[in-house]
Structures are given as structure tokens and as C-alpha cells.
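Q: Structure incoming, see below.
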Amino acid sequence: QVQLVESGGGSVQDGGSLRLSCAASGYTFSTYSMAWFRQAPGKEREGVATIDSDGITMYADSVKGRFTISRDNARNTLYLQLNSLKPEDTAKYYCARAASPIRGLLSLWVRSYNYWGQGTQVTVSS
């Protein structure tokens with residue numbers, strides 16, 4: 001069965017950095033687009049970054065230039081490097097797998113994804 005397990009969250013100060021990882025199993029990782037989402041208390045889940053099977057990426061405007069999504073298909077692992085963190089980045093971060101292995105899919109829409117990890121908390125203090 002498909003499993004996604006995030007790690008790497010934590011508490012940092014304003015301007016700090018973190019690297020999130022998402023270990024995937026139960027399917028052919030290299031053929032699916034992947035994404036990172038986040039959800040703060042009382043807010044809707046929002047797409048942060050996505051990467052397709054060819055390594056093409058897309059970012060939400062709020063994180064462009066600060067976050068970097070990448071994937072290691074040999075290790076079945078998705079990454080999110082978070083730099084220049086701000087208090088408004090505080091949220092639970094989730095990795096997600098696209099619902100279908102469509103080549104070139106780049107979407108930050110929740111409904112494009114049908115498998116989710118349990119999430120990892122990122123807290124940024126001022």
C-alpha cells in the first residue's frame with residue numbers, strides 16, 4: 001500500500017532553515033508528481049511546491065525564492081528545503097502524491113492528490 005512518511009520538522013527562529021523529507025513506498029515513486037502542502041490552525045490546506053516526474057517545479061508565490069522542492073528517485077524520497085523562514089510559515093507540512101501518473105502534472109490544488117502523509121510540524125518564532 002502507498003505510504004508517505006514526513007520528517008524534519010521542528011522549531012526555528014525567524015530567518016532560520018529546515019529540511020523536510022518524505023519517504024515514499026508502495027508504488028513507483030519516479031512516475032508520479034509530488035507536492036508539499038501546509039495547513040495552519042484555522043486555515044485551509046494550501047499548496048506550497050510541486051515537482052513532476054521530470055523534475056520540473058512550481059511554487060506558491062508566498063514561498064518562491066525561499067523554498068526548494070527536490071526529489072531523489074533512487075531513494076524514493078521527496079525533499080523541501082525551507083530557508084529564510086518567517087513566523088507566517090508556521091504550519092503542519094504534508095507531502096502528497098498525485099492521483100494519477102500524468103507526465104508534466106504541476107498542480108497546487110488539493111484535489112490533484114489522493115495520498116497524504118501524516119504531516120510534520122514547522123514552528124517559526126519571531
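Residues are named by chain letter and number: chains run A, B, ... in the order of the C-alpha cells, numbers start at 1 in each chain, and ligands are numbered from 1 in the order shown.
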Running DSSP on the backbone, which parts of chain A land in strand (DSSP E or B), as a PyMOL selection string?
A: chain A and resi 3-7+10-13+18-25+34-39+46-51+57-59+67-72+77-82+91-98+113-116+120-125
Q: Find the residues around A:Asp61 up to 12 Å (only C-alpha atoms counted), leave out those fewer than 4 positions away in its own chain, and share them as a PyMOL selection string.
A: chain A and resi 46-49+65-67+108
Q: Would you mind exporting the chosen residues as an mmCIF file, in the first residue's frame, restricted to N, CA and C atoms?
A:
data_model
loop_
_atom_site.group_PDB
_atom_site.id
_atom_site.type_symbol
_atom_site.label_atom_id
_atom_site.label_comp_id
_atom_site.auth_asym_id
_atom_site.auth_seq_id
_atom_site.Cartn_x
_atom_site.Cartn_y
_atom_site.Cartn_z
ATOM 1 N N GLU A 46 -2.988 24.552 2.007
ATOM 2 C CA GLU A 46 -2.545 25.255 0.810
ATOM 3 C C GLU A 46 -1.315 24.593 0.202
ATOM 4 N N GLY A 47 -1.262 24.604 -1.123
ATOM 5 C CA GLY A 47 -0.123 24.055 -1.816
ATOM 6 C C GLY A 47 1.083 24.967 -1.704
ATOM 7 N N VAL A 48 2.241 24.381 -1.463
ATOM 8 C CA VAL A 48 3.472 25.140 -1.291
ATOM 9 C C VAL A 48 4.385 24.972 -2.497
ATOM 10 N N ALA A 49 4.592 23.716 -2.909
ATOM 11 C CA ALA A 49 5.500 23.436 -4.022
ATOM 12 C C ALA A 49 5.169 22.079 -4.597
ATOM 13 N N GLY A 65 11.518 31.561 -4.085
ATOM 14 C CA GLY A 65 12.812 32.146 -3.748
ATOM 15 C C GLY A 65 13.319 31.764 -2.369
ATOM 16 N N ARG A 66 12.446 31.173 -1.553
ATOM 17 C CA ARG A 66 12.848 30.768 -0.196
ATOM 18 C C ARG A 66 12.825 29.264 -0.002
ATOM 19 N N PHE A 67 11.892 28.579 -0.636
ATOM 20 C CA PHE A 67 11.757 27.130 -0.506
ATOM 21 C C PHE A 67 12.208 26.459 -1.804
ATOM 22 N N LEU A 108 -1.029 22.762 -7.574
ATOM 23 C CA LEU A 108 -1.039 23.047 -6.141
ATOM 24 C C LEU A 108 -2.461 22.966 -5.594
#
Q: Let me make sure I understand: among A:Ala40, A:Leu4, A:Ala91, A:Leu106, which one has the smallest atom-to-atom distance to A:Ala60 if we use only C-alpha atoms?
A: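 Selected residue with least distance to A:Ala60: A:Leu106.
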Q: Please list as a CSV table (one decimal) with N, CA and C atoms, in the first residue's frame every residue within 9 Å of stretch 23-34 of chain A, counting only C-alpha atoms and excluding residues in the same chain fewer than 2 positions away.
A:
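Listed below is the output, result.csv:
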chain,number,residue,atom,x,y,z
A,1,GLN,N,0.8,-1.2,0.0
A,1,GLN,CA,0.0,0.0,0.0
A,1,GLN,C,0.9,1.2,0.0
A,2,VAL,N,0.3,2.3,-0.5
A,2,VAL,CA,1.1,3.6,-0.6
A,2,VAL,C,1.3,4.1,0.8
A,3,GLN,N,2.5,4.5,1.1
A,3,GLN,CA,2.8,5.2,2.4
A,3,GLN,C,3.7,6.4,2.1
A,4,LEU,N,3.4,7.4,2.8
A,4,LEU,CA,4.2,8.7,2.8
A,4,LEU,C,4.5,9.1,4.2
A,5,VAL,N,5.8,9.2,4.6
A,5,VAL,CA,6.2,9.5,5.9
A,5,VAL,C,7.1,10.7,5.9
A,6,GLU,N,6.6,11.8,6.5
A,6,GLU,CA,7.4,13.0,6.6
A,6,GLU,C,8.3,13.0,7.8
A,7,SER,N,9.4,13.8,7.7
A,7,SER,CA,10.2,14.0,8.9
A,7,SER,C,11.0,15.3,8.6
A,21,SER,N,11.8,15.9,4.8
A,21,SER,CA,11.9,14.8,3.9
A,21,SER,C,10.6,14.0,3.9
A,36,TRP,N,4.2,19.4,-1.8
A,36,TRP,CA,4.2,19.7,-0.4
A,36,TRP,C,3.0,20.7,-0.2
A,49,ALA,N,4.6,23.7,-2.9
A,49,ALA,CA,5.5,23.4,-4.0
A,49,ALA,C,5.2,22.1,-4.6
A,50,THR,N,5.4,21.9,-5.9
A,50,THR,CA,5.2,20.7,-6.5
A,50,THR,C,6.4,20.4,-7.5
A,51,ILE,N,6.6,19.1,-7.8
A,51,ILE,CA,7.6,18.6,-8.7
A,51,ILE,C,7.1,17.5,-9.5
A,52,ASP,N,7.3,17.5,-10.8
A,52,ASP,CA,6.8,16.4,-11.7
A,52,ASP,C,7.8,15.3,-11.8
A,53,SER,N,7.5,14.3,-12.6
A,53,SER,CA,8.4,13.2,-12.7
A,53,SER,C,9.7,13.5,-13.5
A,54,ASP,N,9.7,14.6,-14.2
A,54,ASP,CA,10.9,15.1,-14.9
A,54,ASP,C,11.7,16.1,-14.1
A,55,GLY,N,11.2,16.4,-12.9
A,55,GLY,CA,12.0,17.3,-12.0
A,55,GLY,C,11.6,18.8,-12.2
A,71,ARG,N,13.6,15.9,-5.5
A,71,ARG,CA,13.3,14.5,-5.3
A,71,ARG,C,14.5,13.7,-5.6
A,72,ASP,N,14.6,12.5,-5.0
A,72,ASP,CA,15.7,11.6,-5.2
A,72,ASP,C,15.0,10.3,-5.6
A,73,ASN,N,14.8,10.0,-6.8
A,73,ASN,CA,14.1,8.8,-7.3
A,73,ASN,C,14.8,7.5,-6.8
A,74,ALA,N,16.1,7.5,-6.7
A,74,ALA,CA,16.8,6.3,-6.3
A,74,ALA,C,16.5,6.0,-4.8
A,75,ARG,N,16.2,7.0,-4.0
A,75,ARG,CA,15.9,6.8,-2.6
A,75,ARG,C,14.4,6.9,-2.3
A,76,ASN,N,13.6,7.1,-3.4
A,76,ASN,CA,12.1,7.2,-3.2
A,76,ASN,C,11.8,8.3,-2.1
A,77,THR,N,12.5,9.4,-2.2
A,77,THR,CA,12.3,10.5,-1.2
A,77,THR,C,12.1,11.8,-1.8
A,78,LEU,N,11.2,12.6,-1.2
A,78,LEU,CA,10.9,13.9,-1.6
A,78,LEU,C,11.4,14.8,-0.5
A,79,TYR,N,11.9,16.0,-1.0
A,79,TYR,CA,12.5,17.0,0.0
A,79,TYR,C,11.9,18.3,-0.2
A,95,CYS,N,3.4,16.0,2.8
A,95,CYS,CA,3.7,15.6,1.4
A,95,CYS,C,2.5,14.8,0.8
A,96,ALA,N,2.4,14.9,-0.5
A,96,ALA,CA,1.3,14.3,-1.2
A,96,ALA,C,1.7,13.7,-2.5
A,97,ARG,N,1.0,12.7,-2.9
A,97,ARG,CA,1.2,12.0,-4.2
A,97,ARG,C,0.1,12.3,-5.2
A,98,ALA,N,0.4,12.6,-6.4
A,98,ALA,CA,-0.7,12.9,-7.4
A,98,ALA,C,-1.6,11.7,-7.5
A,99,ALA,N,-2.8,11.9,-7.9
A,99,ALA,CA,-3.8,10.9,-8.0
A,99,ALA,C,-3.5,10.0,-9.2
A,100,SER,N,-2.9,10.5,-10.3
A,100,SER,CA,-2.6,9.8,-11.5
A,100,SER,C,-1.2,10.1,-12.0
A,101,PRO,N,-0.5,9.1,-12.6
A,101,PRO,CA,0.8,9.3,-13.1
A,101,PRO,C,0.9,10.1,-14.4
A,102,ILE,N,0.3,11.3,-14.4
A,102,ILE,CA,0.3,12.1,-15.6
A,102,ILE,C,1.6,12.8,-15.7
A,103,ARG,N,2.3,12.6,-16.8
A,103,ARG,CA,3.6,13.3,-17.0
A,103,ARG,C,3.4,14.8,-17.2
A,104,GLY,N,4.2,15.6,-16.5
A,104,GLY,CA,4.1,17.0,-16.6
A,104,GLY,C,3.1,17.7,-15.7
A,105,LEU,N,2.4,16.9,-14.8
A,105,LEU,CA,1.4,17.4,-13.9
A,105,LEU,C,2.1,18.3,-12.9
A,106,LEU,N,1.7,19.6,-12.9
A,106,LEU,CA,2.1,20.5,-11.9
A,106,LEU,C,0.9,21.2,-11.3
A,107,SER,N,0.5,20.9,-10.1
A,107,SER,CA,-0.7,21.4,-9.5
A,107,SER,C,-0.5,21.7,-8.1
A,113,TYR,N,-4.3,15.4,-5.6
A,113,TYR,CA,-3.5,14.5,-4.8
A,113,TYR,C,-4.5,13.6,-4.0
Q: Could you check how far atom CA of A:Gln121 sits from atom CA of A:Arg45, in Å to one decimal?
A: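 Rounded to one decimal, the two atoms are 13.5 Å apart.
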Q: Restricting the calculation to only C-alpha atoms, which member of A:Thr57, A:Thr90, A:Gln81, A:Gln39 is positioned closest to A:Ser126?
A: A:Thr90
Q: Can you pull out every residue from chain A that DSSP, working from the backbone, puts in helix (DSSP H, G or I), and format the result as an MDAnalysis selection string?
A: chainID A and resid 29:31 87:89 110:112
